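Text of entry-v7.cif (mmCIF, C-alpha atoms and all ligand atoms) as supplied:
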data_run
loop_
_atom_site.label_atom_id
_atom_site.label_comp_id
_atom_site.auth_asym_id
_atom_site.auth_seq_id
_atom_site.Cartn_x
_atom_site.Cartn_y
_atom_site.Cartn_z
CA MET Y 1 0.00 0.00 0.00
CA ALA Y 2 2.24 2.75 -1.30
CA ASN Y 3 -0.38 5.43 -0.60
CA THR Y 4 0.09 5.44 3.16
CA PHE Y 5 3.41 7.21 2.58
CA LEU Y 6 1.53 10.33 1.51
CA LYS Y 7 -0.37 10.71 4.79
CA GLY Y 8 0.13 14.20 6.19
CA LYS Y 9 2.35 15.26 3.29
CA ARG Y 10 1.87 18.77 1.88
CA ILE Y 11 1.48 18.50 -1.85
CA LEU Y 12 1.35 21.52 -4.10
CA LEU Y 13 -0.30 20.71 -7.40
CA GLY Y 14 0.30 22.98 -10.38
CA ILE Y 15 -2.11 22.59 -13.30
CA THR Y 16 -1.52 24.03 -16.77
CA GLY Y 17 -3.64 24.25 -19.92
CA SER Y 18 -3.75 20.82 -21.50
CA ILE Y 19 -6.70 18.54 -22.25
CA ALA Y 20 -5.16 16.23 -19.61
CA ALA Y 21 -6.09 18.86 -16.99
CA TYR Y 22 -9.36 17.00 -16.41
CA LYS Y 23 -7.25 14.18 -14.96
CA ALA Y 24 -5.99 16.62 -12.31
CA ALA Y 25 -9.39 16.19 -10.64
CA PHE Y 26 -8.79 12.43 -10.27
CA LEU Y 27 -5.26 13.09 -9.10
CA THR Y 28 -6.48 15.55 -6.46
CA ARG Y 29 -9.06 13.03 -5.25
CA LEU Y 30 -6.47 10.23 -4.98
CA LEU Y 31 -4.01 12.46 -3.11
CA VAL Y 32 -6.66 13.66 -0.66
CA LYS Y 33 -7.81 10.04 -0.13
CA SER Y 34 -4.19 9.10 0.66
CA GLY Y 35 -4.25 11.60 3.53
CA ALA Y 36 -2.19 14.30 1.83
CA GLU Y 37 -2.93 18.01 2.18
CA VAL Y 38 -3.34 19.38 -1.33
CA ARG Y 39 -3.13 22.99 -2.42
CA ILE Y 40 -3.56 23.92 -6.04
CA VAL Y 41 -2.21 26.65 -8.31
CA MET Y 42 -3.34 26.81 -11.91
CA THR Y 43 -2.72 28.89 -15.01
CA GLY Y 44 -5.40 30.93 -16.77
CA SER Y 45 -5.58 28.49 -19.68
CA ALA Y 46 -5.94 25.50 -17.33
CA LYS Y 47 -9.31 27.04 -16.35
CA ASP Y 48 -10.52 26.41 -19.92
CA PHE Y 49 -10.17 22.69 -19.26
CA ILE Y 50 -11.24 22.31 -15.64
CA THR Y 51 -12.92 24.70 -13.24
CA PRO Y 52 -11.36 25.96 -10.01
CA LEU Y 53 -14.71 25.16 -8.36
CA THR Y 54 -14.32 21.42 -9.11
CA LEU Y 55 -10.77 21.45 -7.74
CA SER Y 56 -11.52 23.51 -4.64
CA THR Y 57 -14.40 21.15 -3.83
CA LEU Y 58 -12.10 18.13 -4.13
CA SER Y 59 -9.11 19.65 -2.30
CA LYS Y 60 -11.23 21.58 0.25
CA GLN Y 61 -8.89 24.54 -0.33
CA ALA Y 62 -9.16 27.77 -2.27
CA ILE Y 63 -7.46 27.55 -5.68
CA LEU Y 64 -4.89 30.18 -6.60
CA THR Y 65 -5.13 31.17 -10.25
CA ASP Y 66 -3.57 34.62 -10.41
CA VAL Y 67 -0.54 36.23 -8.82
CA SER Y 68 -2.77 39.18 -8.00
CA THR Y 69 -6.55 39.53 -7.82
CA GLY Y 70 -6.35 43.26 -8.41
CA GLU Y 71 -7.05 43.85 -4.74
CA ALA Y 72 -4.80 41.28 -3.11
CA TRP Y 73 -1.51 39.58 -3.90
CA ASN Y 74 -1.52 35.77 -3.82
CA ASN Y 75 1.55 34.68 -1.96
CA HIS Y 76 3.44 32.31 -4.25
CA VAL Y 77 6.43 32.49 -1.89
CA GLU Y 78 4.45 31.31 1.13
CA ILE Y 79 2.80 28.45 -0.77
CA GLY Y 80 6.12 27.50 -2.41
CA LEU Y 81 7.79 27.19 1.00
CA TRP Y 82 4.78 25.39 2.51
CA ALA Y 83 5.04 22.37 0.21
CA ASP Y 84 6.86 19.08 0.89
CA VAL Y 85 6.72 18.44 -2.85
CA MET Y 86 5.38 20.28 -5.87
CA VAL Y 87 3.92 18.32 -8.78
CA ILE Y 88 3.01 19.99 -12.04
CA ALA Y 89 0.46 17.81 -13.80
CA PRO Y 90 -0.26 18.27 -16.58
CA CYS Y 91 2.72 20.34 -17.68
CA THR Y 92 2.40 21.72 -21.21
CA ALA Y 93 5.30 22.28 -23.64
CA ASN Y 94 4.81 26.00 -23.07
CA THR Y 95 5.13 25.73 -19.27
CA LEU Y 96 8.11 23.36 -19.62
CA ALA Y 97 9.88 26.04 -21.65
CA LYS Y 98 9.04 28.72 -19.09
CA LEU Y 99 10.26 26.63 -16.14
CA ALA Y 100 13.46 25.66 -17.94
CA ASN Y 101 14.27 29.30 -18.63
CA GLY Y 102 13.10 31.02 -15.46
CA LEU Y 103 10.13 32.85 -17.02
CA CYS Y 104 7.62 33.89 -14.46
CA ASP Y 105 4.30 35.22 -15.74
CA ASN Y 106 1.64 33.24 -13.88
CA MET Y 107 0.91 31.58 -10.56
CA VAL Y 108 2.38 28.18 -11.57
CA SER Y 109 5.71 29.52 -12.86
CA ALA Y 110 6.02 32.01 -9.97
CA THR Y 111 5.37 29.27 -7.39
CA TYR Y 112 7.80 26.92 -9.15
CA LEU Y 113 10.58 29.49 -8.84
CA SER Y 114 9.76 30.06 -5.15
CA ALA Y 115 9.53 26.39 -4.15
CA ARG Y 116 12.50 24.91 -2.27
CA CYS Y 117 11.01 21.40 -2.20
CA PRO Y 118 11.54 18.62 -4.75
CA VAL Y 119 9.53 19.24 -7.94
CA PHE Y 120 7.91 16.53 -10.07
CA ILE Y 121 6.79 17.31 -13.59
CA ALA Y 122 4.27 15.26 -15.56
CA PRO Y 123 4.44 16.53 -19.16
CA ALA Y 124 1.46 16.27 -21.50
CA MET Y 125 1.59 17.11 -25.20
CA ASP Y 126 1.35 15.79 -28.69
CA VAL Y 127 3.88 13.22 -29.94
CA ASP Y 128 5.81 15.58 -32.24
CA MET Y 129 5.90 18.35 -29.64
CA TRP Y 130 7.29 15.82 -27.17
CA HIS Y 131 10.04 14.65 -29.53
CA HIS Y 132 10.99 18.14 -30.67
CA PRO Y 133 14.63 18.87 -29.78
CA SER Y 134 13.52 22.08 -28.11
CA THR Y 135 11.21 20.22 -25.72
CA GLN Y 136 13.84 17.55 -25.06
CA SER Y 137 16.44 20.20 -24.34
CA ASN Y 138 14.03 21.83 -21.84
CA ILE Y 139 13.44 18.44 -20.21
CA ASN Y 140 17.19 17.94 -19.84
CA LYS Y 141 17.57 21.40 -18.37
CA LEU Y 142 14.87 20.74 -15.80
CA LYS Y 143 16.53 17.42 -14.89
CA SER Y 144 19.81 19.28 -14.39
CA TYR Y 145 18.03 21.52 -11.83
CA GLY Y 146 17.16 18.36 -9.89
CA ASN Y 147 13.51 18.21 -11.02
CA GLU Y 148 12.04 14.76 -11.58
CA ILE Y 149 10.25 14.09 -14.83
CA ILE Y 150 7.38 11.61 -14.52
CA PRO Y 151 7.60 9.60 -17.76
CA VAL Y 152 4.94 10.28 -20.37
CA GLY Y 153 2.62 7.49 -21.48
CA VAL Y 154 2.22 6.07 -24.98
CA GLY Y 155 -1.12 5.79 -26.75
CA GLU Y 156 -3.81 7.72 -28.51
CA LEU Y 157 -3.43 11.48 -28.15
CA ALA Y 158 -6.02 14.26 -28.26
CA SER Y 159 -4.87 15.10 -31.80
CA GLY Y 160 -5.80 11.61 -32.95
CA LEU Y 161 -2.13 10.72 -33.42
CA GLU Y 162 -0.59 7.79 -31.62
CA GLY Y 163 2.68 7.86 -29.71
CA GLU Y 164 4.46 9.28 -26.71
CA GLY Y 165 3.20 12.40 -24.96
CA ARG Y 166 0.20 11.39 -22.84
CA MET Y 167 0.33 12.53 -19.24
CA ALA Y 168 1.03 9.66 -16.83
CA GLU Y 169 -2.17 8.27 -15.27
CA PRO Y 170 -3.11 9.79 -11.88
CA GLU Y 171 -2.51 6.41 -10.15
CA ASP Y 172 1.03 6.31 -11.59
CA ILE Y 173 1.71 9.88 -10.45
CA VAL Y 174 0.57 8.93 -6.93
CA THR Y 175 2.91 5.91 -6.97
CA PHE Y 176 5.76 8.11 -8.17
CA LEU Y 177 5.20 10.58 -5.33
CA SER Y 178 4.82 7.78 -2.76
CA ASN Y 179 8.14 6.27 -3.81
CA HIS Y 180 9.76 9.61 -3.10
CA PHE Y 181 8.58 9.43 0.51
CA ILE Y 182 9.51 5.80 1.10
CA GLN Y 183 12.62 6.07 3.18
CA LYS Y 184 15.31 3.40 2.92
CA GLN Y 185 15.90 1.87 6.35
CA ASP Y 186 19.59 1.24 5.68
CA PHE Y 187 20.58 2.17 9.27
CA GLY Y 188 18.02 -0.24 10.78
CA GLY Y 189 19.37 -1.95 13.92
CA LYS Y 190 22.23 0.55 14.31
CA GLU Y 191 22.79 2.69 17.40
CA ILE Y 192 24.61 5.97 16.87
CA LEU Y 193 25.82 8.74 19.14
CA VAL Y 194 25.74 12.30 17.77
CA THR Y 195 27.09 15.32 19.64
CA ALA Y 196 25.84 18.70 18.43
CA GLY Y 197 25.56 22.38 19.27
CA PRO Y 198 27.80 24.64 21.32
CA THR Y 199 28.79 24.23 24.96
CA PHE Y 200 28.45 27.03 27.51
CA GLU Y 201 31.08 27.23 30.22
CA ALA Y 202 29.71 29.07 33.23
CA LEU Y 203 31.64 31.87 34.96
CA ASP Y 204 28.96 32.63 37.52
CA PRO Y 205 25.17 32.07 37.71
CA VAL Y 206 24.51 34.57 34.90
CA ARG Y 207 27.54 34.51 32.59
CA PHE Y 208 29.23 31.97 30.38
CA ILE Y 209 31.86 31.53 27.67
CA GLY Y 210 30.29 30.03 24.55
CA ASN Y 211 30.40 29.98 20.76
CA HIS Y 212 28.09 30.67 17.81
CA SER Y 213 27.26 27.05 16.91
CA SER Y 214 23.54 26.68 16.10
CA GLY Y 215 23.51 22.86 16.25
CA LYS Y 216 21.96 22.70 12.75
CA MET Y 217 24.56 20.40 11.20
CA GLY Y 218 24.54 17.85 14.05
CA VAL Y 219 20.75 17.89 14.35
CA SER Y 220 20.39 17.36 10.57
CA ILE Y 221 22.71 14.34 10.86
CA ALA Y 222 20.72 12.94 13.79
CA GLU Y 223 17.45 13.37 11.86
CA GLU Y 224 18.85 11.81 8.70
CA LEU Y 225 20.11 8.73 10.58
CA ALA Y 226 16.84 8.44 12.53
CA GLU Y 227 14.77 8.63 9.35
CA ARG Y 228 16.92 5.84 7.92
CA GLY Y 229 16.17 3.56 10.87
CA ALA Y 230 19.02 4.18 13.35
CA LYS Y 231 18.43 4.65 17.04
CA VAL Y 232 20.17 7.96 17.64
CA HIS Y 233 21.49 9.27 20.96
CA LEU Y 234 21.73 13.01 20.42
CA VAL Y 235 23.76 14.86 23.05
CA LEU Y 236 22.87 18.47 22.35
CA GLY Y 237 24.34 21.63 23.79
CA PRO Y 238 22.30 24.82 24.29
CA SER Y 239 20.67 25.11 20.85
CA LYS Y 240 17.26 26.49 19.90
CA LEU Y 241 16.51 23.33 17.92
CA THR Y 242 14.32 20.50 19.20
CA PRO Y 243 14.43 17.42 16.98
CA ALA Y 244 11.23 15.43 17.27
CA HIS Y 245 11.85 12.11 15.50
CA PRO Y 246 10.79 9.12 17.64
CA ASN Y 247 14.13 7.35 16.94
CA ILE Y 248 16.07 10.21 18.56
CA GLU Y 249 16.79 10.03 22.26
CA LEU Y 250 17.75 13.55 23.28
CA THR Y 251 20.11 14.42 26.13
CA ARG Y 252 20.41 18.14 26.70
CA ILE Y 253 23.61 19.41 28.29
CA MET Y 254 25.26 22.78 28.92
CA SER Y 255 28.97 22.34 29.46
CA ALA Y 256 31.80 20.35 27.87
CA GLU Y 257 32.07 18.30 31.06
CA GLU Y 258 28.36 17.36 30.89
CA MET Y 259 28.72 16.47 27.20
CA TYR Y 260 31.76 14.34 28.05
CA GLN Y 261 29.93 12.46 30.82
CA ALA Y 262 26.92 11.79 28.57
CA ALA Y 263 29.01 10.72 25.56
CA VAL Y 264 31.37 8.31 27.37
CA GLY Y 265 28.33 6.69 29.00
CA ILE Y 266 26.55 6.15 25.70
CA PHE Y 267 29.40 5.30 23.29
CA PRO Y 268 30.27 1.73 24.43
CA ASN Y 269 26.88 0.45 23.15
CA CYS Y 270 27.03 2.31 19.84
CA HIS Y 271 28.09 1.23 16.37
CA ALA Y 272 29.26 4.76 15.53
CA ALA Y 273 29.68 8.26 16.94
CA ILE Y 274 29.59 11.54 15.06
CA MET Y 275 31.20 14.43 16.88
CA ALA Y 276 29.52 17.46 15.34
CA ALA Y 277 29.52 19.59 18.50
CA ALA Y 278 31.57 22.77 18.80
CA VAL Y 279 32.95 21.93 22.21
CA ALA Y 280 34.69 24.65 24.20
CA ASP Y 281 38.39 23.85 24.55
CA TYR Y 282 38.64 25.94 27.73
CA ARG Y 283 36.39 26.71 30.69
CA PRO Y 284 36.76 29.25 33.49
CA LYS Y 285 38.96 27.60 36.09
CA ASP Y 286 36.82 28.79 38.97
CA PHE Y 287 33.06 29.05 39.10
CA SER Y 288 31.67 31.78 41.32
CA ASP Y 289 28.42 30.80 43.11
CA VAL Y 290 27.43 34.43 43.23
CA LYS Y 291 27.39 37.00 40.44
CA ILE Y 292 30.83 38.51 39.93
CA LYS Y 293 30.62 42.24 40.72
CA LYS Y 294 32.47 44.77 38.62
CA LYS Y 295 35.42 46.53 40.17
CA GLU Y 296 37.88 49.19 39.13
CA GLY Y 297 40.41 48.01 36.55
CA ASP Y 298 40.53 44.94 34.32
CA LEU Y 299 39.36 41.47 35.19
CA PHE Y 300 41.50 38.43 34.43
CA ILE Y 301 39.85 35.04 34.08
CA GLU Y 302 41.98 31.96 34.33
CA LEU Y 303 40.94 29.21 31.94
CA ALA Y 304 41.42 25.48 32.27
CA ARG Y 305 41.38 22.90 29.47
CA THR Y 306 38.18 20.89 29.01
CA LYS Y 307 38.29 17.16 28.30
CA ASP Y 308 38.56 16.22 24.64
CA ILE Y 309 35.52 14.03 24.13
CA ALA Y 310 36.40 12.90 20.61
CA ALA Y 311 39.99 12.00 21.54
CA ASN Y 312 38.72 10.04 24.51
CA LEU Y 313 36.27 8.04 22.39
CA GLY Y 314 39.04 7.56 19.82
CA GLN Y 315 41.17 5.86 22.50
CA SER Y 316 38.42 3.62 23.82
CA LYS Y 317 37.06 2.74 20.37
CA LYS Y 318 36.58 -0.99 19.84
CA ASN Y 319 37.03 -2.88 16.58
CA GLY Y 320 34.14 -2.14 14.26
CA GLN Y 321 33.10 1.08 15.97
CA ILE Y 322 33.22 4.08 13.65
CA LEU Y 323 34.22 7.53 14.87
CA VAL Y 324 33.59 10.65 12.79
CA GLY Y 325 34.98 14.06 13.62
CA PHE Y 326 34.56 17.61 12.37
CA ALA Y 327 37.11 20.30 11.70
CA LEU Y 328 36.13 23.92 11.19
CA GLU Y 329 39.15 25.75 9.88
CA THR Y 330 40.08 29.20 8.67
CA ASN Y 331 43.53 28.42 7.21
CA ASN Y 332 45.79 25.44 6.36
CA GLU Y 333 42.54 23.50 6.18
CA LEU Y 334 43.67 20.14 4.77
CA GLU Y 335 46.80 20.01 6.89
CA ASN Y 336 44.92 20.78 10.12
CA ALA Y 337 42.15 18.31 9.32
CA LYS Y 338 44.66 15.53 8.58
CA ARG Y 339 46.40 16.18 11.87
CA LYS Y 340 43.12 15.96 13.82
CA LEU Y 341 42.06 12.83 11.93
CA LYS Y 342 45.20 11.04 13.10
CA LYS Y 343 45.44 12.54 16.58
CA LYS Y 344 41.88 11.66 17.57
CA ASN Y 345 41.78 8.28 15.79
CA PHE Y 346 38.81 9.24 13.59
CA ASP Y 347 37.72 6.98 10.74
CA PHE Y 348 36.98 10.11 8.77
CA ILE Y 349 36.84 13.82 9.39
CA VAL Y 350 34.44 16.33 7.88
CA LEU Y 351 36.25 19.52 7.03
CA ASN Y 352 34.54 22.85 6.50
CA SER Y 353 36.35 26.07 5.93
CA LEU Y 354 35.08 29.43 7.10
CA ARG Y 355 36.68 30.79 3.92
CA ASP Y 356 33.91 29.12 1.87
CA LYS Y 357 30.80 31.25 1.40
CA GLY Y 358 27.70 29.54 2.80
CA ALA Y 359 29.69 27.23 5.13
CA GLY Y 360 29.83 27.57 8.88
CA PHE Y 361 27.79 27.84 12.04
CA LYS Y 362 24.58 29.71 11.34
CA SER Y 363 23.88 29.15 7.67
CA ASP Y 364 21.47 26.50 6.37
CA THR Y 365 24.11 25.34 3.90
CA ASN Y 366 27.54 23.79 4.17
CA LYS Y 367 30.46 22.91 1.90
CA ILE Y 368 32.46 19.96 3.11
CA THR Y 369 35.46 17.82 2.29
CA ILE Y 370 35.64 14.31 3.74
CA LEU Y 371 39.10 12.95 4.57
CA ARG Y 372 39.26 9.26 5.40
CA LYS Y 373 41.95 7.48 7.34
CA ASP Y 374 42.65 5.36 4.23
CA ASN Y 375 43.64 8.67 2.53
CA ILE Y 376 40.55 8.90 0.32
CA ILE Y 377 39.49 12.53 -0.01
CA ARG Y 378 36.06 13.57 -1.28
CA LYS Y 379 35.09 17.15 -2.02
CA PHE Y 380 31.42 18.13 -2.09
CA GLU Y 381 29.57 21.12 -3.54
CA LEU Y 382 27.77 23.72 -1.42
CA LYS Y 383 24.53 22.02 -0.30
CA SER Y 384 21.78 22.33 2.28
CA LYS Y 385 22.78 20.89 5.68
CA LYS Y 386 20.10 18.23 5.12
CA GLU Y 387 21.83 17.11 1.91
CA VAL Y 388 25.25 17.26 3.61
CA ALA Y 389 23.85 15.01 6.35
CA LYS Y 390 22.94 12.46 3.66
CA ASP Y 391 26.50 12.51 2.27
CA ILE Y 392 27.94 11.94 5.76
CA ALA Y 393 25.49 9.08 6.46
CA ASN Y 394 26.37 7.50 3.09
CA GLU Y 395 30.09 7.74 3.90
CA ILE Y 396 29.50 5.83 7.14
CA LEU Y 397 27.76 3.07 5.19
CA ASP Y 398 30.58 3.06 2.66
CA ILE Y 399 33.20 2.24 5.31
N1 LIG I 401 35.89 17.87 20.10
C1 LIG I 401 35.45 17.17 21.21
N2 LIG I 401 35.76 17.60 22.46
C2 LIG I 401 36.47 18.72 22.66
C3 LIG I 401 36.92 19.45 21.53
C4 LIG I 401 36.60 19.00 20.27
O1 LIG I 401 34.78 16.16 21.04
N3 LIG I 401 36.75 19.12 23.90
C5 LIG I 401 35.59 17.36 18.76
C6 LIG I 401 34.66 18.20 17.95
O2 LIG I 401 33.31 17.82 18.13
C7 LIG I 401 35.12 17.93 16.52
C8 LIG I 401 36.62 17.77 16.69
O3 LIG I 401 36.80 17.33 18.02
O4 LIG I 401 34.62 16.73 16.00
C9 LIG I 401 37.32 19.08 16.48
O5 LIG I 401 38.63 18.94 16.84
P1 LIG I 401 39.45 20.09 17.57
O6 LIG I 401 40.90 19.78 17.42
O7 LIG I 401 39.01 20.30 18.95
O8 LIG I 401 39.07 21.29 16.73
P2 LIG I 401 39.00 22.72 17.24
O9 LIG I 401 38.08 22.89 18.41
O10 LIG I 401 38.67 23.52 16.06
O11 LIG I 401 40.47 22.91 17.78
P3 LIG I 401 41.71 23.72 17.30
O12 LIG I 401 41.78 24.81 18.25
O13 LIG I 401 42.85 22.76 17.39
O14 LIG I 401 41.47 24.14 15.87
#

As C-alpha cells:
Amino acid sequence: MANTFLKGKRILLGITGSIAAYKAAFLTRLLVKSGAEVRIVMTGSAKDFITPLTLSTLSKQAILTDVSTGEAWNNHVEIGLWADVMVIAPCTANTLAKLANGLCDNMVSATYLSARCPVFIAPAMDVDMWHHPSTQSNINKLKSYGNEIIPVGVGELASGLEGEGRMAEPEDIVTFLSNHFIQKQDFGGKEILVTAGPTFEALDPVRFIGNHSSGKMGVSIAEELAERGAKVHLVLGPSKLTPAHPNIELTRIMSAEEMYQAAVGIFPNCHAAIMAAAVADYRPKDFSDVKIKKKEGDLFIELARTKDIAANLGQSKKNGQILVGFALETNNELENAKRKLKKKNFDFIVLNSLRDKGAGFKSDTNKITILRKDNIIRKFELKSKKEVAKDIANEILDI
C-alpha cells in the first residue's frame, strides 16, 4: 500500500492548460484520499479545461489562479515554501519552456521558482511536440536543476495521433510521489551517538563563555540517521533546535564536562559516533556561586582545558566502531584536518572552511570535504545541511 506514505504530506499541485487537466481532478481526489494536504495553483488556460470550483471542492482549499486579484496579492512564496513536494500535472510544452528558462508570468511559474522542495513534472503534449529537440532540451535542463520528470505514457493522443506524450495516469503519479517518501531503512538496527551544538562554560550564575554554533549540522545528521532507521542518541548543547523524530533520544547538556559524561556513558553500546559539537576547549577555572561584581580596573579570568571528548572516544574505540569528527578551519585547512584525523583516531573527518561562502555555524548550507583514514578525499559542492547530512550518512555506510 504505497499510498500510506503520503499521509500528512503537503502537496502543491500545479495545473496548466492541456486537455489532460481534467485528470488533475482524479489526481487531487487520490491524493486527498491518501491523507495528503493538497493545495492547487493553476494557469489561466488551465481554467478552460477544468474549473477551479471542481478542484476547490475536491481539495477543500481555495485555488490560486492569479498572482494578484487586483485587490490582493496571492503569496506564491508562502505556498512554495509550505510544500513538501510540488507536482506539475499536466505540464504543457509551453510551461516546460518557461520553467526551464526562469520565465515567471503566472501563478504556476512564480510558485515553481519560489519552491524549495523537490519538484515533479508530468508533461502532457502531442507526440511531435514531445520529440521536438527544443522540448527535449528543456526536459534535460529541468533534470539538471534536480527536477524529476514523470515519464509520459504512450497511446492515442487528443490530436488523434498515436505515440508518446500522454500525461502519466493519476494512479502512476501517486505511486511516483509515494516512492519519493519511502525512506530506505539502511541504518536499521544501528545505534549511533551524535554530539551537536555549542557548549556554555559558566563563569557565575549569569555569565558563560560560549560559541556561535547553532547545532543545525549535528541535528540534521541525527534526523537523517533516525529517518533511515538508526536509534540515535543526540547529546545536544544549548541550541534552539528541538528534533522530534521518535528514533532520537535527546540528552540536553550545557557544558563540555556534561557532554563528556553523557558521551562516554553512551558510546560503548554504539556502532558509531559523530562528533559534530563545537565543544569549548577551555572553561573558566573557577566558578563563582554568586554573580561577579564589577570593580575598578581589568578582570582576568583563568581558563582550564576541558576534556577532549572525541579523543577520549578515539582511544576507547573498539574494533568495528566508527568515529567521525569535524574540523572547522580558517587556514591550512587540509593540513589541520589531517592532523586531527590522526590525533583523535577518527575513521573520517568532515572539514569545512570558514573561507567558503555559505559554510559555517549559522547558515542553512555547508560545503564539506571528507578525509578518510585510508587517505581517500572527497570534495562536495555547497549544499543544504540536510543534503550534507545524507552525504555523511552514506560515507559511514561506505566504510
Ligand atoms: N571535540 C570534542 N571535544 C572537545 C573538543 C573538540 O569532542 N573538547 C571534537 C569536535 O566535536 C570535533 C573535533 O573534536 O569533532 C574538532 O577537533 P578540535 O581539534 O578540537 O578542533 P577545534 O576545536 O577547532 O580545535 P583547534 O583549536 O585545534 O582548531

Write out as a VMD selection string which residues come within 8 Å of Gly8 of chain Y when counting all atoms listed in the file, dropping same-chain ones fewer than 2 positions away. chain Y and resid 6 10 35 to 37

Selection near Ile274 of chain Y, 10 Å with all atoms listed in the file, sequence-local residues under 4 positions removed, as a JSON list (two decimals) with C-alpha atoms, in the frame of the given file:
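Heads up, here's the output in out.json:
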[["chain", "number", "residue", "atom", "x", "y", "z"],
["Y", 192, "ILE", "CA", 24.61, 5.97, 16.87],
["Y", 193, "LEU", "CA", 25.82, 8.74, 19.14],
["Y", 194, "VAL", "CA", 25.74, 12.30, 17.77],
["Y", 195, "THR", "CA", 27.09, 15.32, 19.64],
["Y", 196, "ALA", "CA", 25.84, 18.70, 18.43],
["Y", 218, "GLY", "CA", 24.54, 17.85, 14.05],
["Y", 221, "ILE", "CA", 22.71, 14.34, 10.86],
["Y", 222, "ALA", "CA", 20.72, 12.94, 13.79],
["Y", 234, "LEU", "CA", 21.73, 13.01, 20.42],
["Y", 310, "ALA", "CA", 36.40, 12.90, 20.61],
["Y", 322, "ILE", "CA", 33.22, 4.08, 13.65],
["Y", 323, "LEU", "CA", 34.22, 7.53, 14.87],
["Y", 324, "VAL", "CA", 33.59, 10.65, 12.79],
["Y", 325, "GLY", "CA", 34.98, 14.06, 13.62],
["Y", 326, "PHE", "CA", 34.56, 17.61, 12.37],
["Y", 346, "PHE", "CA", 38.81, 9.24, 13.59],
["Y", 348, "PHE", "CA", 36.98, 10.11, 8.77],
["Y", 349, "ILE", "CA", 36.84, 13.82, 9.39],
["Y", 350, "VAL", "CA", 34.44, 16.33, 7.88],
["Y", 392, "ILE", "CA", 27.94, 11.94, 5.76],
["Y", 393, "ALA", "CA", 25.49, 9.08, 6.46],
["Y", 396, "ILE", "CA", 29.50, 5.83, 7.14]]

Give me the box for segment 80-87 of chain Y as JSON, namely the centre and edge lengths in Å to one decimal of a box along x, y and z that holds every listed atom plus 5 Å on each side.
{"center_x": 5.9, "center_y": 22.9, "center_z": -3.1, "size_x": 13.9, "size_y": 19.2, "size_z": 21.3}

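For the atom pair formed by atom CA of His132 of chain Y and atom CA of Gly160 of chain Y, the distance is 18.2 Å, given to one decimal.
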
If we count all atoms listed in the file and set the cut-off at 10 Å, which residues sit around Leu203 of chain Y, ignoring sequence neighbours fewer than 2 positions away in its own chain? Please answer as a PyMOL selection string. chain Y and resi 200-201+205-209+283-292+301

Env. residues ligand LIG 401 (chain I) / 9 Å / all atoms listed in the file / as a ChimeraX atom specification: /Y:195-196,256-257,259-260,274-282,305-313,324-330,336-337,339-341,343-344,346,349-350

Which residues come within 12 Å of Ala21 of chain Y, counting all atoms listed in the file, excluding same-chain residues fewer than 5 positions away, as a PDB file with C-alpha atoms, in the coordinates of the input?
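Written output follows (result.pdb):
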ATOM      1  CA  LEU Y  13      -0.300  20.710  -7.400  1.00  0.00           C
ATOM      2  CA  GLY Y  14       0.300  22.980 -10.380  1.00  0.00           C
ATOM      3  CA  ILE Y  15      -2.110  22.590 -13.300  1.00  0.00           C
ATOM      4  CA  THR Y  16      -1.520  24.030 -16.770  1.00  0.00           C
ATOM      5  CA  PHE Y  26      -8.790  12.430 -10.270  1.00  0.00           C
ATOM      6  CA  LEU Y  27      -5.260  13.090  -9.100  1.00  0.00           C
ATOM      7  CA  THR Y  28      -6.480  15.550  -6.460  1.00  0.00           C
ATOM      8  CA  MET Y  42      -3.340  26.810 -11.910  1.00  0.00           C
ATOM      9  CA  THR Y  43      -2.720  28.890 -15.010  1.00  0.00           C
ATOM     10  CA  SER Y  45      -5.580  28.490 -19.680  1.00  0.00           C
ATOM     11  CA  ALA Y  46      -5.940  25.500 -17.330  1.00  0.00           C
ATOM     12  CA  LYS Y  47      -9.310  27.040 -16.350  1.00  0.00           C
ATOM     13  CA  ASP Y  48     -10.520  26.410 -19.920  1.00  0.00           C
ATOM     14  CA  PHE Y  49     -10.170  22.690 -19.260  1.00  0.00           C
ATOM     15  CA  ILE Y  50     -11.240  22.310 -15.640  1.00  0.00           C
ATOM     16  CA  THR Y  51     -12.920  24.700 -13.240  1.00  0.00           C
ATOM     17  CA  PRO Y  52     -11.360  25.960 -10.010  1.00  0.00           C
ATOM     18  CA  THR Y  54     -14.320  21.420  -9.110  1.00  0.00           C
ATOM     19  CA  LEU Y  55     -10.770  21.450  -7.740  1.00  0.00           C
ATOM     20  CA  ILE Y  88       3.010  19.990 -12.040  1.00  0.00           C
ATOM     21  CA  ALA Y  89       0.460  17.810 -13.800  1.00  0.00           C
ATOM     22  CA  PRO Y  90      -0.260  18.270 -16.580  1.00  0.00           C
ATOM     23  CA  CYS Y  91       2.720  20.340 -17.680  1.00  0.00           C
ATOM     24  CA  THR Y  92       2.400  21.720 -21.210  1.00  0.00           C
ATOM     25  CA  ALA Y 122       4.270  15.260 -15.560  1.00  0.00           C
ATOM     26  CA  PRO Y 123       4.440  16.530 -19.160  1.00  0.00           C
ATOM     27  CA  ALA Y 124       1.460  16.270 -21.500  1.00  0.00           C
ATOM     28  CA  MET Y 125       1.590  17.110 -25.200  1.00  0.00           C
ATOM     29  CA  ARG Y 166       0.200  11.390 -22.840  1.00  0.00           C
ATOM     30  CA  MET Y 167       0.330  12.530 -19.240  1.00  0.00           C
ATOM     31  CA  ALA Y 168       1.030   9.660 -16.830  1.00  0.00           C
ATOM     32  CA  GLU Y 169      -2.170   8.270 -15.270  1.00  0.00           C
ATOM     33  CA  PRO Y 170      -3.110   9.790 -11.880  1.00  0.00           C
TER      34      PRO Y 170
END

Coordinates-based distance that separates atom CA of His233 of chain Y from atom CA of Glu249 of chain Y (Å, one decimal): 4.9 Å

Atom CA of Val85 of chain Y to atom CA of Lys60 of chain Y, straight-line distance in Å: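 Distance between the two atoms: 18.5 Å.
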
Please identify all polymer residues lying at most 12 Å from the point (3.3, 8.6, 9.5) (file coordinates), using all atoms listed in the file, and present the result as a VMD selection string. chain Y and resid 3 to 9 34 to 36 181 to 183 227 245 to 246

Go through Y:Arg116, Y:Lys231, Y:Lys293, Y:Lys338 one by one, measure the shortest atom-to-atom distance of each to Ile266 of chain Y using only C-alpha atoms, and give the residue with the smallest value. Y:Lys231

Quick one: residues within 8 Å of His76 of chain Y, all atoms listed in the file, excluding same-chain residues fewer than 6 positions away - as a CSV table (one decimal) with C-alpha atoms, in the coordinates of the input?
chain,number,residue,atom,x,y,z
Y,67,VAL,CA,-0.5,36.2,-8.8
Y,107,MET,CA,0.9,31.6,-10.6
Y,110,ALA,CA,6.0,32.0,-10.0
Y,111,THR,CA,5.4,29.3,-7.4
Y,114,SER,CA,9.8,30.1,-5.2
